[in-house]
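Undergrad: input-v2.txt (compact mmCIF, C-alpha atoms and all ligand atoms) pasted underneath:
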# COMPACT_ATOMS: atom_id res chain seq x y z
CA MET A 947 49.36 -55.39 23.17
CA ILE A 948 47.18 -58.47 22.82
CA GLU A 949 43.52 -57.45 22.45
CA LEU A 950 40.65 -58.95 24.47
CA LEU A 951 36.89 -58.56 24.25
CA GLN A 952 35.04 -58.33 27.56
CA VAL A 953 31.47 -59.61 27.12
CA ALA A 954 30.41 -59.91 30.80
CA GLN A 955 30.77 -57.99 34.04
CA VAL A 956 33.74 -59.20 36.07
CA PRO A 957 35.25 -57.62 39.19
CA PRO A 958 37.21 -54.38 38.69
CA PHE A 959 40.38 -55.88 40.18
CA LEU A 960 40.46 -58.44 37.36
CA ILE A 961 39.89 -55.86 34.66
CA ASP A 962 42.60 -53.64 36.19
CA ARG A 963 45.04 -56.57 36.19
CA LEU A 964 44.18 -57.41 32.59
CA LYS A 965 44.38 -53.80 31.42
CA ALA A 966 47.96 -53.58 32.64
CA GLU A 967 48.93 -56.22 30.07
CA TYR A 968 46.21 -56.31 27.40
CA THR A 969 43.97 -53.94 25.51
CA VAL A 970 40.52 -54.78 26.86
CA HIS A 971 37.51 -53.73 24.77
CA ASP A 972 34.23 -53.38 26.64
CA PHE A 973 31.63 -55.35 24.65
CA ILE A 974 29.11 -55.82 27.47
CA ASN A 975 26.42 -53.56 26.00
CA PRO A 976 27.88 -52.14 22.78
CA SER A 977 25.71 -49.50 21.13
CA ASP A 978 26.71 -50.64 17.64
CA PRO A 979 28.16 -54.16 17.91
CA GLU A 980 28.56 -54.67 14.14
CA ALA A 981 30.54 -51.46 13.70
CA MET A 982 32.68 -52.27 16.71
CA LEU A 983 33.42 -55.78 15.42
CA ARG A 984 34.26 -54.44 11.96
CA GLU A 985 36.79 -52.15 13.55
CA ILE A 986 38.42 -54.31 16.24
CA GLY A 987 37.17 -57.85 15.44
CA PRO A 988 40.28 -58.94 13.51
CA ASN A 989 42.51 -57.94 16.46
CA ILE A 990 40.64 -59.93 19.10
CA ARG A 991 42.52 -62.98 20.35
CA GLY A 992 40.70 -63.58 23.62
CA ILE A 993 37.27 -63.16 25.22
CA VAL A 994 36.56 -62.56 28.91
CA ALA A 995 33.15 -64.13 29.62
CA GLY A 996 30.95 -64.84 32.63
CA GLY A 997 28.61 -67.50 33.91
CA MET A 998 25.47 -65.70 32.79
CA LYS A 999 26.86 -64.04 29.68
CA GLY A 1000 29.23 -65.55 27.16
CA PRO A 1001 29.81 -65.50 23.41
CA ASP A 1002 27.32 -67.25 21.11
CA ALA A 1003 28.21 -69.07 17.89
CA ALA A 1004 27.74 -65.91 15.79
CA LEU A 1005 30.23 -63.88 17.81
CA ILE A 1006 32.72 -66.76 17.93
CA SER A 1007 32.57 -67.21 14.15
CA ALA A 1008 32.86 -63.44 13.56
CA LEU A 1009 36.23 -63.34 15.32
CA ASP A 1010 38.73 -64.88 12.89
CA ASN A 1011 41.70 -64.64 15.21
CA LEU A 1012 40.02 -65.75 18.41
CA GLU A 1013 42.14 -68.25 20.37
CA ILE A 1014 40.69 -68.39 23.87
CA ILE A 1015 37.53 -67.70 25.87
CA ALA A 1016 38.19 -67.38 29.62
CA SER A 1017 35.00 -67.52 31.67
CA PHE A 1018 34.75 -66.07 35.16
CA SER A 1019 32.56 -68.99 36.28
CA VAL A 1020 32.55 -72.72 36.72
CA GLY A 1021 29.39 -73.06 34.63
CA PHE A 1022 29.97 -72.63 30.92
CA ASP A 1023 26.41 -72.87 29.60
CA ALA A 1024 26.36 -69.16 28.63
CA THR A 1025 29.20 -69.73 26.15
CA ASP A 1026 28.68 -71.78 22.99
CA VAL A 1027 31.46 -74.19 23.91
CA ALA A 1028 30.75 -76.54 20.99
CA ALA A 1029 31.07 -73.66 18.50
CA ALA A 1030 34.32 -72.56 20.13
CA GLN A 1031 35.88 -76.00 20.31
CA THR A 1032 34.84 -76.82 16.74
CA LYS A 1033 36.81 -73.77 15.69
CA GLY A 1034 39.79 -74.80 17.82
CA VAL A 1035 39.16 -72.02 20.36
CA ILE A 1036 40.12 -72.98 23.92
CA VAL A 1037 37.49 -72.38 26.63
CA THR A 1038 38.51 -72.09 30.28
CA HIS A 1039 36.40 -71.89 33.45
CA THR A 1040 36.96 -71.61 37.20
CA PRO A 1041 36.30 -74.99 38.84
CA GLU A 1042 37.47 -75.98 42.37
CA VAL A 1043 38.06 -72.45 43.69
CA LEU A 1044 34.35 -71.81 44.25
CA THR A 1045 33.25 -75.30 45.31
CA GLY A 1046 33.48 -74.63 49.05
CA ASP A 1047 31.50 -71.40 49.04
CA VAL A 1048 28.79 -72.75 46.75
CA ALA A 1049 28.44 -75.86 48.91
CA ASP A 1050 28.31 -73.70 52.04
CA LEU A 1051 25.36 -71.73 50.65
CA ALA A 1052 23.65 -74.96 49.61
CA MET A 1053 24.11 -76.33 53.13
CA ALA A 1054 22.73 -73.10 54.58
CA PHE A 1055 19.71 -73.50 52.26
CA ILE A 1056 19.19 -77.10 53.41
CA LEU A 1057 18.86 -75.72 56.95
CA MET A 1058 17.09 -72.46 56.13
CA ALA A 1059 14.07 -73.76 54.28
CA PRO A 1060 12.84 -76.48 56.69
CA ARG A 1061 13.84 -74.53 59.82
CA ARG A 1062 12.02 -71.47 58.42
CA ILE A 1063 14.97 -69.21 59.17
CA GLY A 1064 14.18 -66.50 56.59
CA GLU A 1065 10.55 -66.50 57.58
CA SER A 1066 11.50 -66.31 61.29
CA GLU A 1067 13.67 -63.30 60.67
CA ARG A 1068 10.90 -61.51 58.80
CA PHE A 1069 8.50 -62.45 61.61
CA LEU A 1070 10.79 -60.91 64.25
CA ARG A 1071 11.57 -57.76 62.25
CA ALA A 1072 7.86 -57.20 61.64
CA GLY A 1073 7.31 -57.15 65.41
CA THR A 1074 5.02 -60.20 65.28
CA TRP A 1075 6.91 -61.95 68.10
CA THR A 1076 5.24 -59.67 70.64
CA GLU A 1077 1.87 -61.00 69.43
CA ARG A 1078 2.47 -64.74 68.98
CA ARG A 1079 5.10 -67.49 68.56
CA MET A 1080 6.52 -68.62 65.22
CA ASP A 1081 5.01 -71.79 63.76
CA LEU A 1082 7.12 -74.93 64.11
CA GLY A 1083 9.76 -75.91 61.56
CA THR A 1084 10.95 -79.33 60.40
CA THR A 1085 13.99 -81.27 61.70
CA VAL A 1086 16.73 -81.71 59.10
CA ARG A 1087 18.69 -84.47 60.89
CA GLY A 1088 17.77 -87.96 59.71
CA LYS A 1089 16.09 -86.70 56.54
CA ARG A 1090 16.91 -87.88 53.03
CA LEU A 1091 18.87 -85.55 50.75
CA GLY A 1092 18.75 -86.38 47.04
CA ILE A 1093 21.45 -84.75 44.95
CA LEU A 1094 20.97 -84.22 41.23
CA GLY A 1095 24.51 -84.24 39.84
CA LEU A 1096 27.30 -85.57 42.02
CA GLY A 1097 30.16 -83.53 40.62
CA ARG A 1098 32.55 -81.35 42.59
CA ILE A 1099 29.82 -79.21 44.15
CA GLY A 1100 27.35 -82.07 44.70
CA ARG A 1101 30.01 -84.05 46.57
CA ALA A 1102 30.99 -81.05 48.68
CA VAL A 1103 27.33 -80.58 49.66
CA ALA A 1104 27.07 -84.30 50.47
CA ARG A 1105 30.09 -84.12 52.80
CA ARG A 1106 28.56 -81.18 54.68
CA ALA A 1107 25.11 -82.74 54.81
CA GLU A 1108 26.51 -85.99 56.25
CA VAL A 1109 27.82 -84.02 59.23
CA PHE A 1110 24.28 -82.71 59.77
CA GLY A 1111 22.96 -86.28 59.87
CA LEU A 1112 21.26 -86.35 56.48
CA ASN A 1113 21.10 -89.56 54.45
CA ILE A 1114 22.54 -88.96 51.00
CA ALA A 1115 21.46 -90.41 47.67
CA TYR A 1116 21.98 -89.13 44.14
CA PHE A 1117 21.19 -89.31 40.47
CA ASP A 1118 23.93 -88.71 37.93
CA THR A 1119 24.35 -89.70 34.31
CA LYS A 1120 28.00 -90.59 34.93
CA PRO A 1121 29.02 -93.61 37.05
CA MET A 1122 30.27 -92.64 40.52
CA GLY A 1123 31.78 -95.98 41.48
CA ASP A 1124 34.09 -94.48 44.10
CA LEU A 1125 31.25 -93.30 46.33
CA THR A 1126 29.09 -95.25 48.72
CA TYR A 1127 26.02 -92.98 48.50
CA ARG A 1128 22.97 -94.72 47.13
CA SER A 1129 22.47 -94.07 43.44
CA TYR A 1130 19.01 -94.01 41.79
CA PRO A 1131 18.61 -94.90 38.10
CA THR A 1132 16.25 -91.99 37.41
CA LEU A 1133 15.68 -88.50 38.79
CA LEU A 1134 12.04 -89.40 39.40
CA GLU A 1135 13.00 -92.29 41.66
CA LEU A 1136 15.51 -90.10 43.48
CA ALA A 1137 12.84 -87.43 44.05
CA GLU A 1138 10.41 -90.04 45.37
CA ALA A 1139 13.04 -91.18 47.86
CA SER A 1140 14.03 -87.64 49.00
CA ASP A 1141 12.85 -85.17 51.61
CA MET A 1142 15.08 -82.56 50.02
CA LEU A 1143 16.16 -82.45 46.40
CA MET A 1144 19.35 -80.53 45.71
CA VAL A 1145 20.08 -79.39 42.13
CA ALA A 1146 23.84 -79.52 41.55
CA CYS A 1147 24.22 -80.49 37.90
CA GLU A 1148 25.47 -78.46 34.93
CA GLY A 1149 23.18 -76.01 33.16
CA GLY A 1150 22.62 -75.94 29.40
CA ALA A 1151 20.41 -77.59 26.81
CA ALA A 1152 20.90 -81.12 28.16
CA THR A 1153 19.51 -80.31 31.60
CA ARG A 1154 16.89 -77.64 30.77
CA GLY A 1155 13.60 -78.42 32.49
CA LEU A 1156 14.93 -81.64 34.06
CA VAL A 1157 13.18 -80.86 37.34
CA ASP A 1158 9.64 -80.83 35.95
CA GLU A 1159 6.14 -81.21 37.35
CA ALA A 1160 6.47 -84.98 37.69
CA VAL A 1161 9.73 -84.67 39.65
CA LEU A 1162 8.19 -82.03 41.95
CA ASN A 1163 5.13 -84.23 42.52
CA ALA A 1164 7.46 -87.13 43.36
CA LEU A 1165 9.28 -84.94 45.89
CA GLY A 1166 5.91 -84.50 47.53
CA PRO A 1167 4.09 -82.21 49.98
CA ASN A 1168 6.79 -82.58 52.67
CA GLY A 1169 9.67 -82.08 50.23
CA TYR A 1170 11.94 -79.10 49.65
CA LEU A 1171 13.72 -78.13 46.43
CA ILE A 1172 17.17 -76.52 46.71
CA ASN A 1173 18.88 -74.94 43.69
CA THR A 1174 22.28 -73.24 43.61
CA ALA A 1175 23.15 -74.46 40.09
CA ARG A 1176 21.20 -72.90 37.20
CA GLY A 1177 17.62 -71.65 37.11
CA PRO A 1178 16.54 -73.24 33.81
CA ILE A 1179 17.28 -76.77 35.12
CA VAL A 1180 13.98 -76.36 36.97
CA ASP A 1181 10.70 -75.78 35.11
CA GLN A 1182 10.04 -72.53 36.96
CA GLN A 1183 6.34 -72.33 36.12
CA ALA A 1184 5.84 -75.88 37.33
CA LEU A 1185 7.70 -74.95 40.53
CA VAL A 1186 5.52 -71.89 41.16
CA LYS A 1187 2.39 -74.01 40.66
CA ALA A 1188 3.66 -76.83 42.88
CA LEU A 1189 4.38 -74.30 45.65
CA GLN A 1190 1.01 -72.60 45.20
CA ASP A 1191 -0.82 -75.95 45.37
CA GLY A 1192 1.21 -77.19 48.35
CA ARG A 1193 2.46 -80.12 46.26
CA ILE A 1194 5.93 -79.42 47.72
CA ALA A 1195 6.65 -77.89 51.14
CA GLY A 1196 9.09 -75.17 50.11
CA ALA A 1197 12.20 -74.21 48.21
CA ALA A 1198 15.51 -72.39 48.55
CA LEU A 1199 16.79 -70.82 45.35
CA ASP A 1200 19.90 -68.85 44.43
CA VAL A 1201 19.31 -69.07 40.67
CA PHE A 1202 16.30 -68.40 38.44
CA ASP A 1203 15.18 -68.83 34.86
CA GLY A 1204 15.39 -65.27 33.51
CA GLU A 1205 17.34 -63.84 36.46
CA PRO A 1206 17.68 -61.15 37.72
CA ASN A 1207 13.89 -61.28 37.31
CA VAL A 1208 12.18 -63.49 39.86
CA PRO A 1209 8.52 -64.54 39.59
CA ALA A 1210 6.35 -62.19 41.66
CA GLU A 1211 4.42 -65.18 43.03
CA MET A 1212 7.61 -66.51 44.62
CA MET A 1213 8.50 -63.16 46.14
CA ALA A 1214 5.30 -63.34 48.16
CA MET A 1215 5.84 -66.89 49.45
CA GLU A 1216 7.04 -67.29 53.04
CA ASN A 1217 8.20 -70.88 52.46
CA VAL A 1218 10.69 -69.95 49.72
CA VAL A 1219 14.22 -68.73 50.45
CA LEU A 1220 15.43 -66.41 47.68
CA THR A 1221 18.96 -65.06 47.16
CA PRO A 1222 20.36 -63.16 44.16
CA HIS A 1223 22.89 -65.68 42.73
CA ILE A 1224 25.40 -65.19 45.56
CA ALA A 1225 26.74 -68.74 45.98
CA SER A 1226 30.28 -67.82 44.89
CA SER A 1227 30.04 -64.19 46.05
CA THR A 1228 32.70 -63.93 48.70
CA ALA A 1229 35.71 -61.65 48.45
CA GLU A 1230 38.05 -64.64 48.76
CA THR A 1231 36.38 -66.79 46.12
CA ARG A 1232 35.84 -63.96 43.65
CA ARG A 1233 39.55 -63.10 44.01
CA ALA A 1234 40.50 -66.74 43.35
CA MET A 1235 38.15 -66.93 40.34
CA GLY A 1236 39.59 -63.71 38.93
CA ASP A 1237 43.15 -64.92 39.46
CA LEU A 1238 42.32 -68.12 37.62
CA VAL A 1239 40.87 -66.21 34.64
CA TYR A 1240 44.04 -64.11 34.59
CA ASP A 1241 46.33 -67.16 34.93
CA ASN A 1242 44.56 -69.04 32.15
CA LEU A 1243 44.98 -66.11 29.74
CA LYS A 1244 48.58 -65.61 30.85
CA ALA A 1245 49.46 -69.29 30.31
CA HIS A 1246 47.81 -69.39 26.91
CA PHE A 1247 49.48 -66.26 25.57
CA ALA A 1248 52.82 -67.49 26.93
CA GLY A 1249 52.38 -70.59 24.76
CA LYS A 1250 51.72 -72.88 27.71
CA ALA A 1251 48.79 -75.17 28.48
CA VAL A 1252 45.88 -73.43 30.21
CA LEU A 1253 45.21 -74.43 33.82
CA THR A 1254 41.50 -75.20 33.77
CA PRO A 1255 40.14 -75.94 30.30
CA VAL A 1256 36.50 -76.85 29.79
CA PRO A 1257 36.60 -80.55 28.77
CA HIS A 1258 35.84 -81.29 25.14
CA GLN A 1259 32.09 -81.17 24.47
CA ILE A 1260 32.30 -82.23 20.82
C1 LIG B 1301 28.95 -66.51 39.21
C2 LIG B 1301 28.37 -68.95 38.59
O1 LIG B 1301 28.04 -65.79 39.97
O2 LIG B 1301 30.50 -69.93 38.51
C3 LIG B 1301 29.36 -69.94 38.07
O3 LIG B 1301 29.01 -70.74 37.20
O4 LIG B 1301 27.24 -68.99 38.24
C4 LIG B 1301 28.77 -67.93 39.59
O5 LIG B 1301 29.92 -68.29 40.26
C5 LIG B 1301 28.82 -66.03 37.82
O6 LIG B 1301 29.23 -66.94 36.91
C6 LIG B 1301 29.60 -64.76 37.62
O7 LIG B 1301 29.92 -64.59 36.30
Let me see whether you can do it: turn the structure in this file into C-alpha cells.
Ligand code: 8YV

TA:
Amino acid sequence: MIELLQVAQVPPFLIDRLKAEYTVHDFINPSDPEAMLREIGPNIRGIVAGGMKGPDAALISALDNLEIIASFSVGFDATDVAAAQTKGVIVTHTPEVLTGDVADLAMAFILMAPRRIGESERFLRAGTWTERRMDLGTTVRGKRLGILGLGRIGRAVARRAEVFGLNIAYFDTKPMGDLTYRSYPTLLELAEASDMLMVACEGGAATRGLVDEAVLNALGPNGYLINTARGPIVDQQALVKALQDGRIAGAALDVFDGEPNVPAEMMAMENVVLTPHIASSTAETRRAMGDLVYDNLKAHFAGKAVLTPVPHQI
C-alpha cells in the first residue's frame, strides 16, 4: 500500500476513507519524530496536512520520496509551499467548496458586531432585560464595507453584502478589472474610506501584520474589523490596544494569532464577537473538503493531474 504521513487533525471519515486504500501514519504529535522518520520516512509518498498545521521545509526535505502534500484547507500558509514546489512536490488545497460557508460567517459577522447581537444575547441570558433595555446598535445598510483581498471569498462576501445594502470597495495587489467595486491603491486609504474592514486575503509571510496600528486608526472610532481569514494578518496587540482605547468601535474575529489561545483582554470585551475558527465548519463543507483531499490523492497516485493544485509560488 502507498504510505501517507498525517501531520494535522482531519475528520475521521476522511482518515477512514484513506485507511481503506493507504497506510496512514499518524505524525500529529509523534513522541520521537526522528526515530519515526528514520523508520518510515523513505516509504512516505504523500502528506495529509491542514490549514493550521502543515509540513515545514525540514520535514519536506527529510522525505526523499515525497510526491504530494494534500491540505484539508484552502489556506496553505501552514505548509512550506515554496520548499515543496522547489523539490517538485505537488501541493493541493480545497478552494471553492468552502467559499459559501466562509462568506456566510463573514456576512453574519458584518451584522453581528454593529447590531450587538452577541452582546444582546449575553444581556438577555444574564437576566438584565428585566432591569433595563439594551443600548442601541448601528445600522449596517448604507455603510461602507472595505474588503482586503478580493479573491473567491472576498467576492462572495461582497455579493452578500450588496444584498444588505452595503457599499463595497476593496484593496488587492492583483488587478480585478472585471469588477465594478471601487478599488483603493493602498490598504490605508481603503480603511479610511470604510465603516467596516473585512480581512479576506491569504495568510503567510507576505501579509503578516498588514492590518497594523495605522490601518486601525484609519478605520476609526466608528469602524469595525472583521476577520475570517488568518489571525496573523492583523497585528493582534495593536488591535487589542485600539479596542481598549476606543480607536475602533468593535471587531468580529474567527481567527487569531496563536489560536486556539485568544487574548484575555478580548475575551472580556462586549464589542468583540469571537468564534473558534468555525468559518468552514459545517458537516456539508467539511465533507466536501475531505472528498477533495481524497480525490486529489487518488488522481495523483493514479497518474492523473490533481484537481486543485496550489498555484506555483516560486
Ligand atoms: C479549516 C481553514 O478550519 O481552509 C482553511 O484555510 O482555515 C479552515 O477551513 C482548517 O484549515 C482545518 O484544517

Undergrad: Give me, as JSON, numbers by chain, all polymer residues having an atom no more than 7 Å from range 1169-1171 of chain A, counting all atoms listed in the file and skipping those fewer than 4 positions away in the same chain.

TA: {"A": [1141, 1142, 1143, 1144, 1165, 1194, 1195, 1196, 1197, 1198]}

Undergrad: How far is it from CA of Ala1016 in chain A to CA of Gly1149 in chain A, in Å with one decimal?

TA: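 So the answer is 17.7 Å.
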
Undergrad: Can you list every residue of chain A that has an atom at most 7 Å from ligand LIG 1301 (chain B), with its nearest atom pair and the distance in Å to one decimal, using all atoms listed in the file, ordered by chain then number, as a Markdown table?

TA:
| residue | atom | partner | partner_atom | distance |
| --- | --- | --- | --- | --- |
| A:Val956 | CA | B:LIG1301 | O7 | 6.6 |
| A:Gly996 | CA | B:LIG1301 | O7 | 3.8 |
| A:Gly997 | CA | B:LIG1301 | O6 | 3.1 |
| A:Met998 | CA | B:LIG1301 | O6 | 5.7 |
| A:Phe1018 | CA | B:LIG1301 | O7 | 5.2 |
| A:Ser1019 | CA | B:LIG1301 | O2 | 3.2 |
| A:Val1020 | CA | B:LIG1301 | O2 | 3.9 |
| A:Gly1021 | CA | B:LIG1301 | O3 | 3.5 |
| A:Phe1022 | CA | B:LIG1301 | O3 | 6.6 |
| A:Thr1040 | CA | B:LIG1301 | O2 | 6.8 |
| A:Leu1044 | CA | B:LIG1301 | O5 | 6.9 |
| A:His1223 | CA | B:LIG1301 | O1 | 5.8 |
| A:Ile1224 | CA | B:LIG1301 | O1 | 6.2 |
| A:Ala1225 | CA | B:LIG1301 | O5 | 6.6 |
| A:Ser1226 | CA | B:LIG1301 | O5 | 4.7 |
| A:Ser1227 | CA | B:LIG1301 | O1 | 6.6 |

Undergrad: Which is closest to Asp962 in chain A among A:Tyr1240, A:Trp1075, A:Phe1247, A:Tyr1130, if we use all atoms listed in the file?

TA: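 Smallest separation from Asp962 in chain A among the options: A:Tyr1240.
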
Undergrad: Taking (14.1, -66.3, 55.4) in the file's coordinates, which residues come within 12 Å, counting only C-alpha atoms, written as JSON, numbers by chain?

TA: {"A": [1054, 1055, 1057, 1058, 1059, 1060, 1061, 1062, 1063, 1064, 1065, 1066, 1067, 1068, 1069, 1070, 1071, 1196, 1197, 1198, 1199, 1213, 1214, 1215, 1216, 1217, 1218, 1219, 1220, 1221]}

Undergrad: What separation in Å, quoted to one decimal, exists between CA of Ala1030 in chain A and CA of Asn989 in chain A?

TA: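 These two atoms are separated by 17.2 Å.
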
Undergrad: Could you tell me which of A:Arg984, A:Arg1176, A:Lys1187, A:Arg991 comes closest to Gly1155 in chain A if we count only C-alpha atoms?

TA: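 For Gly1155 in chain A, the nearest of the given residues is A:Arg1176.
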
Undergrad: Using only C-alpha atoms, pick whichever of A:Lys1250, A:Pro979, A:Gly1150, A:Glu1159 has the shortest atom-to-atom distance to Ala1028 in chain A.

TA: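 The closest residue to Ala1028 in chain A is A:Gly1150.
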
Undergrad: Using all atoms listed in the file, what table do you get, as a Markdown table, when you list each residue of range 1058-1115 of chain A with an atom no more than 9 Å from range 1050-1053 of chain A, its nearest pair of atoms, and their distance in Å rounded to one decimal, rows by chain then rising number?

TA:
| residue | atom | partner | partner_atom | distance |
| --- | --- | --- | --- | --- |
| A:Met1058 | CA | A:Met1053 | CA | 8.6 |
| A:Ala1102 | CA | A:Asp1050 | CA | 8.5 |
| A:Val1103 | CA | A:Met1053 | CA | 6.4 |
| A:Ala1104 | CA | A:Met1053 | CA | 8.9 |
| A:Arg1106 | CA | A:Met1053 | CA | 6.8 |
| A:Ala1107 | CA | A:Met1053 | CA | 6.7 |
